[in-house]
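Content type TSV, C-alpha atoms, from the file data.tsv:
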chain	number	residue	atom	x	y	z
B	25	MET	CA	-5.85	-0.36	15.37
B	26	TYR	CA	-4.48	-3.37	13.54
B	27	GLY	CA	-1.71	-5.64	14.79
B	28	LYS	CA	1.65	-6.71	13.42
B	29	LYS	CA	1.93	-7.39	9.71
B	30	HIS	CA	2.53	-11.14	9.84
B	31	GLU	CA	0.52	-11.89	13.00
B	32	ASP	CA	-2.79	-10.05	12.58
B	33	PRO	CA	-4.94	-11.87	9.99
B	34	VAL	CA	-6.66	-8.60	9.04
B	35	VAL	CA	-3.28	-7.15	8.05
B	36	ARG	CA	-1.96	-10.35	6.43
B	37	TYR	CA	-5.00	-10.88	4.24
B	38	TYR	CA	-6.17	-7.29	3.77
B	39	ASP	CA	-5.15	-7.06	0.11
B	40	PHE	CA	-6.85	-10.34	-0.70
B	41	SER	CA	-10.13	-9.64	1.03
B	42	LEU	CA	-11.08	-6.24	2.45
B	43	ALA	CA	-9.13	-4.16	-0.09
B	44	LYS	CA	-10.90	-5.70	-3.05
B	45	GLY	CA	-12.97	-2.82	-4.36
B	46	GLU	CA	-15.15	-2.70	-7.39
B	47	SER	CA	-13.32	-2.92	-10.70
B	48	GLU	CA	-14.20	0.74	-11.34
B	49	GLU	CA	-12.73	1.96	-8.06
B	50	ILE	CA	-9.11	2.56	-9.13
B	51	PRO	CA	-10.07	4.32	-12.40
B	52	TYR	CA	-12.61	6.42	-10.46
B	53	TYR	CA	-9.97	7.72	-8.05
B	54	LEU	CA	-7.38	8.19	-10.80
B	55	ASN	CA	-9.90	10.23	-12.79
B	56	LYS	CA	-10.62	12.44	-9.76
B	57	VAL	CA	-6.90	12.96	-9.19
B	58	LYS	CA	-6.36	13.75	-12.85
B	59	LYS	CA	-8.86	16.61	-12.53
B	60	SER	CA	-7.59	18.02	-9.23
B	61	GLY	CA	-3.87	17.24	-9.49
B	62	GLY	CA	-1.17	16.57	-6.98
B	63	PRO	CA	0.38	16.41	-4.56
B	64	ILE	CA	-1.92	13.84	-3.01
B	65	LEU	CA	-2.52	12.91	0.62
B	66	ASP	CA	-3.78	9.35	1.02
B	67	MET	CA	-5.29	9.18	4.52
B	68	ALA	CA	-5.53	5.79	6.24
B	69	CYS	CA	-3.57	4.42	3.29
B	70	GLY	CA	-3.41	0.88	4.68
B	71	THR	CA	-1.18	-1.31	2.56
B	72	GLY	CA	-0.79	1.36	-0.11
B	73	ARG	CA	-3.31	0.09	-2.63
B	74	LEU	CA	-4.29	3.57	-3.89
B	75	SER	CA	-1.00	5.31	-3.11
B	76	LEU	CA	0.89	2.94	-5.36
B	77	GLU	CA	-1.54	3.51	-8.23
B	78	PHE	CA	-1.18	7.29	-7.88
B	79	ALA	CA	2.62	7.10	-7.78
B	80	ARG	CA	2.68	4.78	-10.80
B	81	ALA	CA	0.60	7.42	-12.61
B	82	GLY	CA	3.30	10.01	-11.82
B	83	TYR	CA	1.86	11.79	-8.78
B	84	ILE	CA	3.69	12.73	-5.59
B	85	VAL	CA	1.91	11.02	-2.69
B	86	THR	CA	2.06	11.33	1.08
B	87	SER	CA	0.55	8.23	2.67
B	88	ILE	CA	-0.48	8.24	6.32
B	89	ASP	CA	-1.78	5.45	8.51
B	90	ASN	CA	-1.61	4.71	12.22
B	91	SER	CA	-1.18	0.94	11.84
B	92	GLU	CA	2.39	-0.30	11.95
B	93	GLY	CA	1.22	-3.61	10.48
B	94	MET	CA	-0.48	-2.01	7.48
B	95	LEU	CA	2.47	0.31	6.89
B	96	GLY	CA	4.85	-2.64	7.13
B	97	MET	CA	2.95	-4.42	4.36
B	98	PHE	CA	2.95	-1.20	2.33
B	99	GLU	CA	6.73	-0.84	2.72
B	100	GLU	CA	7.24	-4.45	1.58
B	101	LYS	CA	5.13	-3.81	-1.52
B	102	LEU	CA	6.96	-0.54	-2.19
B	103	GLN	CA	10.31	-2.35	-2.28
B	104	GLU	CA	9.09	-4.23	-5.35
B	105	GLU	CA	8.39	-1.00	-7.25
B	106	SER	CA	10.67	0.96	-9.56
B	107	ASP	CA	12.86	3.73	-8.18
B	108	ASN	CA	10.59	6.28	-9.88
B	109	VAL	CA	7.58	5.04	-7.94
B	110	LYS	CA	9.55	4.77	-4.67
B	111	LYS	CA	10.71	8.38	-4.85
B	112	ARG	CA	7.14	9.63	-5.33
B	113	ILE	CA	5.81	8.16	-2.06
B	114	GLU	CA	6.40	9.30	1.49
B	115	ILE	CA	4.98	7.00	4.16
B	116	ILE	CA	4.19	8.52	7.55
B	117	LYS	CA	2.84	6.82	10.68
B	118	ALA	CA	0.16	9.18	11.95
B	119	PRO	CA	-3.44	9.09	13.09
B	120	PHE	CA	-5.69	10.36	10.32
B	121	ASN	CA	-8.03	12.15	12.69
B	122	ASN	CA	-5.37	14.49	14.09
B	123	PHE	CA	-2.29	14.94	11.93
B	124	LYS	CA	0.17	17.75	11.29
B	125	LEU	CA	2.21	17.61	8.09
B	126	SER	CA	4.54	20.17	6.58
B	127	GLN	CA	2.71	20.72	3.31
B	128	LYS	CA	-0.67	21.25	1.69
B	129	TYR	CA	-2.29	19.09	-0.97
B	130	LYS	CA	-4.39	19.49	-4.10
B	131	THR	CA	-6.12	16.17	-3.50
B	132	ILE	CA	-6.84	14.47	-0.17
B	133	ILE	CA	-8.39	11.02	-0.21
B	134	CYS	CA	-9.80	8.88	2.58
B	135	CYS	CA	-11.00	5.66	0.98
B	136	ASP	CA	-13.01	3.18	3.05
B	137	ALA	CA	-11.72	4.52	6.37
B	138	PHE	CA	-13.66	7.56	7.55
B	139	PHE	CA	-15.72	5.22	9.75
B	140	HIS	CA	-12.59	4.65	11.86
B	141	ASN	CA	-13.47	7.98	13.45
B	142	LEU	CA	-15.34	6.49	16.37
B	143	SER	CA	-17.04	9.64	17.61
B	144	VAL	CA	-18.41	12.89	16.25
B	145	GLU	CA	-15.50	14.61	17.98
B	146	ASP	CA	-13.04	12.38	16.07
B	147	GLU	CA	-14.82	13.24	12.83
B	148	LYS	CA	-14.52	16.96	13.60
B	149	TYR	CA	-10.80	16.64	14.38
B	150	CYS	CA	-10.29	14.67	11.19
B	151	LEU	CA	-12.09	17.26	9.05
B	152	LYS	CA	-10.17	20.08	10.77
B	153	SER	CA	-6.88	18.34	9.99
B	154	VAL	CA	-7.99	17.88	6.39
B	155	SER	CA	-8.95	21.54	6.00
B	156	GLU	CA	-5.58	22.67	7.40
B	157	HIS	CA	-3.78	20.63	4.73
B	158	MET	CA	-5.79	21.65	1.68
B	159	GLU	CA	-4.52	24.06	-0.94
B	160	ASP	CA	-7.06	26.76	-1.84
B	161	ASP	CA	-8.46	24.85	-4.82
B	162	ALA	CA	-8.07	21.36	-3.37
B	163	ILE	CA	-10.63	18.61	-3.15
B	164	PHE	CA	-11.30	16.09	-0.39
B	165	ILE	CA	-12.67	12.75	-1.52
B	166	PHE	CA	-13.99	10.29	1.02
B	167	ASN	CA	-16.64	7.64	1.17
B	168	ILE	CA	-18.81	6.50	4.02
The structure in this file should be written as structure tokens.
Amino acid sequence: MYGKKHEDPVVRYYDFSLAKGESEEIPYYLNKVKKSGGPILDMACGTGRLSLEFARAGYIVTSIDNSEGMLGMFEEKLQEESDNVKKRIEIIKAPFNNFKLSQKYKTIICCDAFFHNLSVEDEKYCLKSVSEHMEDDAIFIFNI
């Protein structure tokens, strides 16, 4: 969807513009994760804004996104983190509306991205993929 990390202005300036949530956003998601636990799947993770916060808090995180540019920015940011944070994050290039991963998760999050499902069929595939990756007592948090 988005272009190369240093060419596409959406990717280059994402963290400074579009990824600026409300000041309560990070604590909100951390509180939800604290209640449900890990491992965590961060769908459409973008530049890793939430994934990094979860890993810093000690959670194991799988981060998926289909944008090479966004994932490139995420990988650059990850290199600046401690080894403990780095080892808690796995970054995977995959579409979030039809993914197959090798594990299930206690918490699955799709923050500010569910609208990238451009049709009802895409939404159904996305929700099917989510359900296939949820542990029995897992939660799925998304906003629209």
- Message: Using only C-alpha atoms, which protein or nucleic acid residues come within 9 Å of range 53-67 of chain B? Drop anything in the same chain fewer than 2 positions from it, and give the result as a PyMOL selection string.
- Response: chain B and resi 48-51+69-70+72+74-75+77-78+81+83-89+119-120+128-135+137+157+161-163+165
- Tell me, in Å to one decimal, how far CA of Met97 in chain B is from CA of Ile115 in chain B.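 These atoms are spaced 11.6 Å apart.
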- Do you know which residues lie at most 12 Å from (-6.0, 19.0, 10.4), with coordinates as in the file and all atoms listed in the file counted, and could you write them as a PyMOL selection string? chain B and resi 67+118-129+132+146-158
- Two-atom distance - CA of Asp107 in chain B, CA of Phe164 in chain B (Å): 28.2 Å
- Note on the structure: Counting all atoms listed in the file, closest pick from B:Glu114, B:Asn167, B:Tyr52, B:Glu145 relative to Phe98 in chain B is B:Glu114
- Quick one: pull the distance between CA of Gly96 in chain B and CA of Lys117 in chain B, Å, one decimal.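 If I compute the distance from CA of Gly96 in chain B to CA of Lys117 in chain B, I get 10.3 Å.
Closest approach to Asn108 in chain B among B:Ser91, B:Ala68, B:Ala79, B:Glu159 is made by B:Ala79 (distances from all atoms listed in the file).
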Range 154-157 of chain B, all listed atoms, 8 Å padding on each side: what axis-aligned box centre and edge lengths in Å to one decimal come out, as JSON?
{"center_x": -6.4, "center_y": 20.3, "center_z": 6.1, "size_x": 21.2, "size_y": 20.8, "size_z": 18.7}
